[in-house]
$ cat query_23.tsv   # TSV, C-alpha atoms
chain	number	residue	atom	x	y	z
A	1	MET	CA	83.16	101.71	49.37
A	2	LYS	CA	86.75	100.63	49.05
A	3	ARG	CA	89.34	103.28	49.77
A	4	LYS	CA	91.61	104.19	46.88
A	5	GLY	CA	95.34	103.82	47.55
A	6	ILE	CA	97.85	106.64	47.69
A	7	LEU	CA	100.84	106.97	45.38
A	8	ILE	CA	103.82	107.58	47.67
A	9	VAL	CA	107.08	108.94	46.31
A	10	VAL	CA	110.12	108.52	48.54
A	11	SER	CA	113.31	110.48	47.96
A	12	GLY	CA	116.07	111.49	50.30
A	13	PHE	CA	119.73	111.97	50.99
A	14	SER	CA	122.15	109.18	50.25
A	15	GLY	CA	122.81	107.29	53.47
A	16	ALA	CA	119.52	108.39	55.02
A	17	GLY	CA	118.36	104.76	55.13
A	18	LYS	CA	115.50	104.84	52.59
A	19	GLY	CA	115.93	101.21	51.59
A	20	THR	CA	115.86	99.76	55.11
A	21	LEU	CA	112.98	102.05	56.04
A	22	MET	CA	110.78	100.90	53.19
A	23	LYS	CA	111.63	97.23	53.64
A	24	GLU	CA	110.55	97.52	57.27
A	25	LEU	CA	107.40	99.46	56.37
A	26	LEU	CA	106.32	96.73	53.91
A	27	LYS	CA	107.07	94.03	56.45
A	28	ARG	CA	105.06	95.66	59.21
A	29	TYR	CA	101.95	96.92	57.38
A	30	ASP	CA	100.12	95.07	54.63
A	31	ASN	CA	98.60	98.04	52.80
A	32	TYR	CA	101.83	98.95	51.03
A	33	ALA	CA	103.21	97.72	47.71
A	34	LEU	CA	106.58	98.59	46.25
A	35	SER	CA	106.66	99.67	42.62
A	36	VAL	CA	109.15	97.77	40.45
A	37	SER	CA	111.00	99.89	37.90
A	38	MET	CA	111.62	98.97	34.29
A	39	THR	CA	115.15	99.29	32.96
A	40	THR	CA	117.27	98.59	29.89
A	41	ARG	CA	120.40	98.00	31.93
A	42	ALA	CA	121.69	94.44	32.23
A	43	PRO	CA	120.79	92.48	35.39
A	44	ARG	CA	123.56	92.30	37.98
A	45	GLU	CA	124.45	89.15	39.85
A	46	GLY	CA	121.58	88.14	42.11
A	47	GLU	CA	119.01	90.53	40.61
A	48	VAL	CA	115.68	88.90	39.78
A	49	ASP	CA	113.51	90.01	36.84
A	50	GLY	CA	110.17	91.34	38.12
A	51	GLU	CA	111.56	91.84	41.62
A	52	SER	CA	114.68	93.99	41.41
A	53	TYR	CA	113.57	95.43	38.07
A	54	PHE	CA	111.68	94.52	34.94
A	55	PHE	CA	114.61	93.99	32.57
A	56	VAL	CA	113.68	94.85	28.97
A	57	ASP	CA	115.46	95.80	25.76
A	58	LYS	CA	115.62	99.31	24.36
A	59	GLU	CA	112.86	98.70	21.78
A	60	THR	CA	110.43	97.48	24.42
A	61	PHE	CA	111.23	100.44	26.67
A	62	GLU	CA	110.72	102.97	23.88
A	63	ARG	CA	107.49	101.33	22.79
A	64	THR	CA	106.29	101.56	26.40
A	65	ILE	CA	107.12	105.28	26.43
A	66	GLU	CA	105.14	105.80	23.20
A	67	GLU	CA	102.17	103.93	24.61
A	68	ASP	CA	102.23	106.22	27.67
A	69	GLY	CA	102.92	103.13	29.74
A	70	LEU	CA	105.33	104.87	32.13
A	71	ILE	CA	104.50	107.34	34.88
A	72	GLU	CA	107.98	108.81	34.64
A	73	TYR	CA	111.28	107.79	33.13
A	74	ALA	CA	114.82	109.05	32.82
A	75	SER	CA	118.10	107.87	31.37
A	76	TYR	CA	121.37	107.52	33.27
A	77	CYS	CA	124.66	106.40	31.74
A	78	GLY	CA	123.00	105.31	28.50
A	79	ASN	CA	120.29	103.22	30.18
A	80	TYR	CA	116.62	103.90	30.64
A	81	TYR	CA	114.86	103.66	34.00
A	82	GLY	CA	111.11	104.15	34.43
A	83	THR	CA	107.99	103.42	36.48
A	84	PRO	CA	105.42	101.21	34.71
A	85	ARG	CA	101.97	102.72	34.96
A	86	LYS	CA	99.92	99.50	34.89
A	87	TYR	CA	101.13	97.94	38.13
A	88	VAL	CA	100.84	101.25	39.99
A	89	GLU	CA	97.29	101.91	38.82
A	90	LYS	CA	96.19	98.35	39.55
A	91	CYS	CA	97.48	98.61	43.14
A	92	LEU	CA	95.84	102.01	43.71
A	93	GLN	CA	92.50	100.70	42.43
A	94	ASP	CA	92.83	97.72	44.77
A	95	GLY	CA	93.22	100.16	47.67
A	96	ARG	CA	96.92	99.54	48.17
A	97	ASP	CA	99.41	102.36	48.73
A	98	VAL	CA	102.20	102.17	46.18
A	99	ILE	CA	105.70	103.34	47.03
A	100	LEU	CA	108.12	104.60	44.39
A	101	GLU	CA	111.70	105.33	45.31
A	102	ILE	CA	112.90	108.00	42.89
A	103	GLU	CA	114.97	111.17	42.97
A	104	ILE	CA	113.64	114.69	42.87
A	105	GLN	CA	113.28	115.18	39.07
A	106	GLY	CA	111.16	112.05	38.81
A	107	ALA	CA	109.24	112.96	41.97
A	108	LEU	CA	108.21	116.31	40.48
A	109	LYS	CA	107.12	114.65	37.21
A	110	VAL	CA	104.96	112.21	39.18
A	111	LYS	CA	103.39	115.04	41.21
A	112	GLU	CA	102.53	116.84	37.98
A	113	LYS	CA	100.70	113.81	36.56
A	114	PHE	CA	99.21	112.70	39.90
A	115	PRO	CA	98.49	115.80	42.02
A	116	GLU	CA	97.33	113.54	44.83
A	117	ALA	CA	100.73	111.79	45.03
A	118	LEU	CA	102.41	112.06	48.42
A	119	LEU	CA	106.05	113.19	48.32
A	120	LEU	CA	108.22	112.16	51.29
A	121	PHE	CA	111.81	113.17	51.86
A	122	VAL	CA	113.99	111.01	54.11
A	123	MET	CA	116.81	112.71	56.00
A	124	PRO	CA	119.01	112.22	59.05
A	125	PRO	CA	118.06	114.09	62.25
A	126	SER	CA	120.74	116.79	62.03
A	127	ALA	CA	123.28	118.45	59.75
A	128	ALA	CA	126.14	116.92	61.75
A	129	GLU	CA	124.68	113.45	61.28
A	130	LEU	CA	124.15	114.13	57.56
A	131	LYS	CA	127.83	114.99	57.25
A	132	ARG	CA	128.86	111.84	59.09
A	133	ARG	CA	126.68	109.67	56.89
A	134	LEU	CA	127.77	111.28	53.63
A	135	GLU	CA	131.42	110.91	54.51
A	136	GLY	CA	130.80	107.27	55.31
A	137	ARG	CA	133.19	105.22	57.35
A	138	GLY	CA	136.26	106.60	55.63
A	139	THR	CA	136.34	103.56	53.37
A	140	GLU	CA	134.84	105.27	50.31
A	141	SER	CA	137.00	106.92	47.67
A	142	PRO	CA	137.07	110.73	47.59
A	143	GLU	CA	135.24	110.58	44.22
A	144	VAL	CA	132.36	108.57	45.67
A	145	ILE	CA	132.04	110.97	48.60
A	146	ARG	CA	132.23	113.94	46.24
A	147	GLU	CA	129.47	112.46	44.04
A	148	ARG	CA	127.24	111.89	47.07
A	149	LEU	CA	127.76	115.43	48.30
A	150	VAL	CA	126.95	116.99	44.96
A	151	ARG	CA	123.84	114.83	44.62
A	152	ALA	CA	122.76	115.60	48.18
A	153	SER	CA	123.28	119.29	47.53
A	154	GLU	CA	121.02	119.11	44.47
A	155	GLU	CA	118.37	117.11	46.34
A	156	ALA	CA	118.46	119.67	49.17
A	157	GLU	CA	117.38	122.38	46.72
A	158	GLY	CA	114.04	120.68	46.24
A	159	ILE	CA	113.04	119.79	49.79
A	160	GLU	CA	110.22	122.36	49.89
A	161	ASN	CA	108.45	120.41	47.14
A	162	TYR	CA	107.97	117.47	49.48
A	163	GLU	CA	104.95	117.23	51.73
A	164	TYR	CA	106.78	115.78	54.71
A	165	LEU	CA	110.26	115.19	56.02
A	166	ILE	CA	110.86	111.70	57.34
A	167	ILE	CA	113.50	112.08	60.03
A	168	ASN	CA	115.36	108.80	60.28
A	169	ASP	CA	116.98	108.64	63.68
A	170	ASP	CA	115.69	105.46	65.31
A	171	LEU	CA	114.50	102.97	62.63
A	172	ASP	CA	111.67	101.47	64.66
A	173	GLU	CA	110.21	104.84	65.60
A	174	CYS	CA	110.73	106.23	62.10
A	175	VAL	CA	108.76	103.39	60.46
A	176	ARG	CA	105.87	103.97	62.84
A	177	GLU	CA	105.98	107.72	62.26
A	178	MET	CA	106.14	107.26	58.48
A	179	ASN	CA	102.98	105.15	58.61
A	180	ASP	CA	101.26	107.77	60.82
A	181	ILE	CA	102.27	110.54	58.44
A	182	ILE	CA	100.88	108.62	55.45
A	183	ASN	CA	97.60	108.11	57.29
A	184	ALA	CA	97.38	111.80	58.16
A	185	ALA	CA	98.06	112.67	54.52
A	186	ARG	CA	94.87	110.82	53.53
A	187	ARG	CA	93.01	113.77	55.08
A	188	ASN	CA	94.54	116.39	52.84
A	189	PRO	CA	91.87	118.07	50.65
A	190	VAL	CA	93.73	117.08	47.47
A	191	ARG	CA	93.07	113.43	48.35
A	192	ASN	CA	89.38	114.02	49.18
A	193	ARG	CA	88.05	115.66	46.04
A	194	HIS	CA	85.01	113.42	45.80
A	195	LEU	CA	83.97	114.09	49.38
A	196	ILE	CA	84.41	117.85	48.95
A	197	ALA	CA	82.53	117.86	45.64
A	198	ASP	CA	79.69	115.89	47.25
A	199	MET	CA	79.49	118.34	50.16
A	200	ARG	CA	79.37	121.28	47.76
A	201	SER	CA	76.66	119.87	45.55
A	202	GLU	CA	74.62	118.88	48.61
A	203	LEU	CA	74.92	122.46	49.91
A	204	ASP	CA	74.03	123.91	46.51
A	205	ALA	CA	70.99	121.69	46.24
A	206	VAL	CA	69.75	122.64	49.71
A	207	VAL	CA	70.44	126.37	49.25
A	208	LYS	CA	68.52	126.34	45.94
A	209	GLY	CA	65.54	124.84	47.77
A	210	GLU	CA	66.14	121.08	47.28
B	211	MET	CA	116.30	122.41	72.55
B	212	LYS	CA	112.66	123.04	73.30
B	213	ARG	CA	110.27	122.48	70.45
B	214	LYS	CA	108.32	125.53	69.29
B	215	GLY	CA	104.54	125.18	69.34
B	216	ILE	CA	102.28	125.19	66.30
B	217	LEU	CA	99.55	127.72	65.66
B	218	ILE	CA	96.45	125.69	64.82
B	219	VAL	CA	93.45	127.30	63.15
B	220	VAL	CA	90.21	125.33	63.33
B	221	SER	CA	87.27	126.15	61.08
B	222	GLY	CA	84.40	124.03	59.86
B	223	PHE	CA	80.76	123.66	59.06
B	224	SER	CA	78.18	124.67	61.61
B	225	GLY	CA	77.07	121.54	63.45
B	226	ALA	CA	80.30	119.69	62.70
B	227	GLY	CA	81.12	119.58	66.40
B	228	LYS	CA	84.19	121.85	66.54
B	229	GLY	CA	83.53	122.95	70.11
B	230	THR	CA	83.16	119.48	71.61
B	231	LEU	CA	86.14	118.25	69.62
B	232	MET	CA	88.48	120.94	70.93
B	233	LYS	CA	87.27	120.62	74.50
B	234	GLU	CA	88.04	116.91	74.35
B	235	LEU	CA	91.43	117.50	72.71
B	236	LEU	CA	92.45	119.92	75.47
B	237	LYS	CA	91.25	117.51	78.14
B	238	ARG	CA	93.14	114.56	76.73
B	239	TYR	CA	96.50	116.09	75.75
B	240	ASP	CA	98.39	118.72	77.72
B	241	ASN	CA	100.34	120.34	74.88
B	242	TYR	CA	97.37	122.37	73.64
B	243	ALA	CA	96.17	125.81	74.69
B	244	LEU	CA	93.01	127.54	73.50
B	245	SER	CA	93.33	131.13	72.36
B	246	VAL	CA	90.87	133.54	74.01
B	247	SER	CA	89.44	136.20	71.68
B	248	MET	CA	89.04	139.88	72.47
B	249	THR	CA	85.68	141.50	71.81
B	250	THR	CA	83.79	144.74	72.29
B	251	ARG	CA	80.44	142.99	72.57
B	252	ALA	CA	78.81	142.89	76.01
B	253	PRO	CA	79.25	139.71	78.09
B	254	ARG	CA	76.26	137.38	78.04
B	255	GLU	CA	74.92	135.65	81.12
B	256	GLY	CA	77.47	133.19	82.43
B	257	GLU	CA	80.38	134.41	80.28
B	258	VAL	CA	83.63	134.99	82.20
B	259	ASP	CA	86.13	137.70	81.26
B	260	GLY	CA	89.45	136.14	80.26
B	261	GLU	CA	87.83	132.75	79.68
B	262	SER	CA	84.95	133.17	77.25
B	263	TYR	CA	86.46	136.37	75.87
B	264	PHE	CA	88.52	139.34	76.92
B	265	PHE	CA	85.77	141.96	77.14
B	266	VAL	CA	87.07	145.44	76.32
B	267	ASP	CA	85.65	148.79	75.17
B	268	LYS	CA	85.94	150.11	71.64
B	269	GLU	CA	88.84	152.44	72.48
B	270	THR	CA	90.91	149.64	73.96
B	271	PHE	CA	90.21	147.40	70.96
B	272	GLU	CA	91.19	150.10	68.46
B	273	ARG	CA	94.35	150.93	70.39
B	274	THR	CA	95.25	147.24	70.31
B	275	ILE	CA	94.77	147.20	66.52
B	276	GLU	CA	97.05	150.25	66.17
B	277	GLU	CA	99.71	148.63	68.31
B	278	ASP	CA	99.60	145.53	66.05
B	279	GLY	CA	98.46	143.61	69.08
B	280	LEU	CA	96.03	141.37	67.17
B	281	ILE	CA	96.85	138.51	64.83
B	282	GLU	CA	93.55	139.01	63.04
B	283	TYR	CA	90.29	140.83	63.73
B	284	ALA	CA	86.94	141.40	62.13
B	285	SER	CA	83.72	143.16	62.98
B	286	TYR	CA	80.27	141.56	63.03
B	287	CYS	CA	77.02	143.37	63.82
B	288	GLY	CA	78.84	146.46	65.02
B	289	ASN	CA	81.20	144.62	67.37
B	290	TYR	CA	84.88	143.84	67.04
B	291	TYR	CA	86.30	140.35	67.52
B	292	GLY	CA	90.03	139.59	67.39
B	293	THR	CA	92.89	137.30	68.42
B	294	PRO	CA	95.39	138.89	70.84
B	295	ARG	CA	98.94	138.31	69.66
B	296	LYS	CA	100.68	138.28	73.04
B	297	TYR	CA	99.07	135.19	74.52
B	298	VAL	CA	99.49	133.23	71.28
B	299	GLU	CA	103.18	134.07	70.93
B	300	LYS	CA	103.89	133.34	74.59
B	301	CYS	CA	102.31	129.87	74.27
B	302	LEU	CA	104.20	129.08	71.04
B	303	GLN	CA	107.51	130.11	72.63
B	304	ASP	CA	106.72	127.87	75.59
B	305	GLY	CA	106.31	124.98	73.16
B	306	ARG	CA	102.53	124.78	73.45
B	307	ASP	CA	100.26	124.38	70.44
B	308	VAL	CA	97.70	127.15	70.34
B	309	ILE	CA	94.26	126.58	68.86
B	310	LEU	CA	92.20	129.39	67.34
B	311	GLU	CA	88.63	128.76	66.31
B	312	ILE	CA	87.90	131.21	63.51
B	313	GLU	CA	86.12	131.25	60.17
B	314	ILE	CA	87.77	131.16	56.78
B	315	GLN	CA	88.48	134.89	56.28
B	316	GLY	CA	90.34	135.05	59.59
B	317	ALA	CA	92.05	131.73	58.89
B	318	LEU	CA	93.49	133.05	55.63
B	319	LYS	CA	94.72	136.24	57.33
B	320	VAL	CA	96.47	134.15	59.99
B	321	LYS	CA	98.10	131.94	57.34
B	322	GLU	CA	99.40	135.04	55.58
B	323	LYS	CA	101.06	136.35	58.75
B	324	PHE	CA	102.16	132.92	60.03
B	325	PRO	CA	102.98	130.69	57.05
B	326	GLU	CA	103.68	127.82	59.44
B	327	ALA	CA	100.13	127.96	60.87
B	328	LEU	CA	98.19	124.73	60.49
B	329	LEU	CA	94.69	125.11	59.04
B	330	LEU	CA	92.19	122.37	59.91
B	331	PHE	CA	88.65	122.07	58.58
B	332	VAL	CA	86.11	120.07	60.57
B	333	MET	CA	83.30	118.39	58.64
B	334	PRO	CA	80.81	115.56	58.99
B	335	PRO	CA	81.64	112.24	57.26
B	336	SER	CA	79.23	112.63	54.31
B	337	ALA	CA	77.06	115.08	52.40
B	338	ALA	CA	73.92	113.36	53.70
B	339	GLU	CA	75.11	113.78	57.28
B	340	LEU	CA	76.01	117.41	56.60
B	341	LYS	CA	72.46	118.04	55.41
B	342	ARG	CA	70.99	116.34	58.48
B	343	ARG	CA	73.15	118.39	60.81
B	344	LEU	CA	72.51	121.71	59.06
B	345	GLU	CA	68.78	121.17	59.10
B	346	GLY	CA	68.99	120.38	62.78
B	347	ARG	CA	66.25	118.62	64.63
B	348	GLY	CA	63.49	120.58	62.98
B	349	THR	CA	63.35	122.93	65.98
B	350	GLU	CA	65.25	125.79	64.36
B	351	SER	CA	63.48	128.57	62.48
B	352	PRO	CA	63.76	128.56	58.69
B	353	GLU	CA	65.87	131.76	58.94
B	354	VAL	CA	68.42	130.12	61.22
B	355	ILE	CA	68.69	127.11	58.91
B	356	ARG	CA	68.96	129.43	55.90
B	357	GLU	CA	71.78	131.40	57.59
B	358	ARG	CA	73.66	128.20	58.40
B	359	LEU	CA	73.34	126.95	54.86
B	360	VAL	CA	74.59	130.18	53.33
B	361	ARG	CA	77.51	130.29	55.76
B	362	ALA	CA	78.35	126.62	55.12
B	363	SER	CA	78.19	127.26	51.40
B	364	GLU	CA	80.70	130.12	51.76
B	365	GLU	CA	82.99	128.06	53.99
B	366	ALA	CA	82.87	125.20	51.48
B	367	GLU	CA	84.39	127.49	48.84
B	368	GLY	CA	87.60	127.73	50.84
B	369	ILE	CA	88.20	124.11	51.85
B	370	GLU	CA	91.22	123.70	49.55
B	371	ASN	CA	93.04	126.34	51.61
B	372	TYR	CA	93.06	124.02	54.61
B	373	GLU	CA	95.84	121.53	55.16
B	374	TYR	CA	93.63	118.74	56.47
B	375	LEU	CA	90.01	117.75	56.76
B	376	ILE	CA	88.99	116.56	60.21
B	377	ILE	CA	86.17	114.11	59.62
B	378	ASN	CA	84.01	114.09	62.73
B	379	ASP	CA	82.10	110.85	62.79
B	380	ASP	CA	82.96	109.18	66.10
B	381	LEU	CA	84.15	111.80	68.63
B	382	ASP	CA	86.66	109.57	70.43
B	383	GLU	CA	88.31	108.44	67.21
B	384	CYS	CA	88.22	111.94	65.74
B	385	VAL	CA	90.07	113.45	68.72
B	386	ARG	CA	92.79	110.83	68.43
B	387	GLU	CA	93.07	111.34	64.69
B	388	MET	CA	93.18	115.13	65.07
B	389	ASN	CA	96.12	114.77	67.46
B	390	ASP	CA	97.88	112.36	65.03
B	391	ILE	CA	97.33	114.77	62.15
B	392	ILE	CA	98.80	117.67	64.15
B	393	ASN	CA	101.85	115.55	64.97
B	394	ALA	CA	102.30	114.57	61.33
B	395	ALA	CA	102.03	118.25	60.35
B	396	ARG	CA	105.12	119.00	62.46
B	397	ARG	CA	107.09	117.22	59.71
B	398	ASN	CA	105.99	119.55	56.93
B	399	PRO	CA	108.98	121.43	55.46
B	400	VAL	CA	107.32	124.80	56.23
B	401	ARG	CA	107.60	123.94	59.94
B	402	ASN	CA	111.23	122.80	59.71
B	403	ARG	CA	112.96	125.76	58.14
B	404	HIS	CA	115.82	125.77	60.63
B	405	LEU	CA	116.60	122.11	60.11
B	406	ILE	CA	116.52	122.49	56.31
B	407	ALA	CA	118.69	125.62	56.41
B	408	ASP	CA	121.19	123.81	58.65
B	409	MET	CA	121.34	120.84	56.28
B	410	ARG	CA	121.92	123.14	53.32
B	411	SER	CA	124.70	125.14	54.92
B	412	GLU	CA	126.37	121.94	56.12
B	413	LEU	CA	126.27	120.58	52.57
B	414	ASP	CA	127.57	123.86	51.14
B	415	ALA	CA	130.42	123.90	53.61
B	416	VAL	CA	131.43	120.33	52.82
B	417	VAL	CA	131.10	120.77	49.04
B	418	LYS	CA	133.31	123.89	49.20
B	419	GLY	CA	136.00	121.81	50.95
B	420	GLU	CA	135.15	122.32	54.66

$ encode --input "query_23.tsv" --output "structure tokens"
Amino acid sequence: MKRKGILIVVSGFSGAGKGTLMKELLKRYDNYALSVSMTTRAPREGEVDGESYFFVDKETFERTIEEDGLIEYASYCGNYYGTPRKYVEKCLQDGRDVILEIEIQGALKVKEKFPEALLLFVMPPSAAELKRRLEGRGTESPEVIRERLVRASEEAEGIENYEYLIINDDLDECVREMNDIINAARRNPVRNRHLIADMRSELDAVVKGE
Amino acid sequence: MKRKGILIVVSGFSGAGKGTLMKELLKRYDNYALSVSMTTRAPREGEVDGESYFFVDKETFERTIEEDGLIEYASYCGNYYGTPRKYVEKCLQDGRDVILEIEIQGALKVKEKFPEALLLFVMPPSAAELKRRLEGRGTESPEVIRERLVRASEEAEGIENYEYLIINDDLDECVREMNDIINAARRNPVRNRHLIADMRSELDAVVKGE
């Protein structure tokens, strides 16, 4: 029997290195697939449709919402962003583990719809290092730093909703640990409902005298 | 800074191989310690005080209860059984991971007192295998099999309270996986309260203007 994939939601502090981490994870292990978001915002230079995003118009996006074609969506600065359901479900059925990179509000919506989703939160190894990373190299404007801090502060409120912290100190080690953590998470009861149900009905049958 | 140990509670179906599994885990990795229970029952042939159990009289046991010296205790067939607090806390402080083998009622009591305790449930790989193991080799009396089944049925009710299932198919692989799972569990937010609190106060301080 083919194993069903896990839906993996990755959030984390700005500057924690989520992007690099996931790129490396996909390069090193072939069971992962990255979800591509759908958006109504215009493509930027170098962005490829179907890779960076699925670029669609507002009508298409809203029709997709109505058809329940998105796992979660939100709007920022007048544009929609969302996670198409079809690609995710296809990957999971094929036994691949699908990674979504979204912030906490979206993560909680996904967990509500998919209780077996795995929520990971990427952070630097210490508060001092967090501060260093948020402040950047002194090249960012005070407004950008301010924005990052406020966002980080909001994200920090929700950490307890995540199943694991991914401590990004050394990239190489962190990628390996992230893969180990995902494998361990496959053994959580929430991701083994069939097995547990089978055990229970077997026990019931035997207790009742076969 | 020395890492604090994890309190690991192991339960599971009769015949799932808990004993062998833990013996092998302790042999292979040196960060684990096995908790020794206290009991008022008489030692059996070959049992060593302080190894198999701490054998004490009823007065001593009840005084230990009054002094809050037990993490959990229960009585079966007129005898007390309990987990002495002192040894467990000493090990955890020393950075060792302490394993308690107890059934579900005790496991839930431990989790209440130690929210960071890790609850593991050992089971065979399939319902068919569970049935085979519970029925034994046909040498057990019907009463013994009946007792096992009823107990297994009760234990099965509580599986969702455990953090991970330990699927014992191949012993060698299972021991390795159990160790991996315990390491992954160190990254659960409940076991990283200090780190999270530090991150939050660092963010607060920076947001408020250092």

$ interface_residues --input "query_23.tsv" --of "chain B" --to "chain A" --cutoff "8 Å" --atoms "only C-alpha atoms" --output "CSV table (one decimal) with C-alpha atoms, in the coordinates of the input"
chain,number,residue,atom,x,y,z
B,336,SER,CA,79.2,112.6,54.3
B,337,ALA,CA,77.1,115.1,52.4
B,338,ALA,CA,73.9,113.4,53.7
B,340,LEU,CA,76.0,117.4,56.6
B,341,LYS,CA,72.5,118.0,55.4
B,356,ARG,CA,69.0,129.4,55.9
B,359,LEU,CA,73.3,127.0,54.9
B,360,VAL,CA,74.6,130.2,53.3
B,362,ALA,CA,78.4,126.6,55.1
B,363,SER,CA,78.2,127.3,51.4
B,366,ALA,CA,82.9,125.2,51.5
B,369,ILE,CA,88.2,124.1,51.8
B,370,GLU,CA,91.2,123.7,49.6
B,372,TYR,CA,93.1,124.0,54.6
B,373,GLU,CA,95.8,121.5,55.2
B,374,TYR,CA,93.6,118.7,56.5
B,375,LEU,CA,90.0,117.8,56.8
B,376,ILE,CA,89.0,116.6,60.2
B,387,GLU,CA,93.1,111.3,64.7
B,390,ASP,CA,97.9,112.4,65.0
B,391,ILE,CA,97.3,114.8,62.2
B,394,ALA,CA,102.3,114.6,61.3
B,395,ALA,CA,102.0,118.2,60.4
B,397,ARG,CA,107.1,117.2,59.7
B,398,ASN,CA,106.0,119.6,56.9
B,399,PRO,CA,109.0,121.4,55.5
B,400,VAL,CA,107.3,124.8,56.2
B,405,LEU,CA,116.6,122.1,60.1
B,406,ILE,CA,116.5,122.5,56.3
B,408,ASP,CA,121.2,123.8,58.6
B,409,MET,CA,121.3,120.8,56.3
B,410,ARG,CA,121.9,123.1,53.3
B,412,GLU,CA,126.4,121.9,56.1
B,413,LEU,CA,126.3,120.6,52.6
B,414,ASP,CA,127.6,123.9,51.1
B,416,VAL,CA,131.4,120.3,52.8
B,417,VAL,CA,131.1,120.8,49.0

$ atom_distance --input "query_23.tsv" --atom1 "atom CA of Arg295 of chain B" --atom2 "atom CA of Glu282 of chain B"
8.6 Å

$ residues_near_point --input "query_23.tsv" --point "(86.5, 134.9, 62.0)" --cutoff "9 Å" --atoms "all atoms listed in the file" --output "PyMOL selection string"
chain B and resi 221+282-285+291-292+311-317

$ atom_distance --input "query_23.tsv" --atom1 "atom CA of Arg151 of chain A" --atom2 "atom CA of Gly15 of chain A"
11.7 Å

$ atom_distance --input "query_23.tsv" --atom1 "atom CA of Asn289 of chain B" --atom2 "atom CA of Val246 of chain B"
16.1 Å

$ closest_residue --input "query_23.tsv" --among "A:Leu100, A:Cys77, A:Ile71, A:Val144" --to "Thr40 of chain A" --atoms "only C-alpha atoms"
A:Cys77

$ closest_residue --input "query_23.tsv" --among "B:Glu272, B:Asp278, B:Asp307, B:Glu299" --to "Val219 of chain B" --atoms "all atoms listed in the file"
B:Asp307

$ residues_around --input "query_23.tsv" --residues "Leu25 of chain A" --least-positions-apart "4" --cutoff "7 Å" --atoms "only C-alpha atoms" --output "CSV table (one decimal) with C-alpha atoms, in the frame of the given file"
chain,number,residue,atom,x,y,z
A,21,LEU,CA,113.0,102.0,56.0
A,29,TYR,CA,102.0,96.9,57.4
A,175,VAL,CA,108.8,103.4,60.5
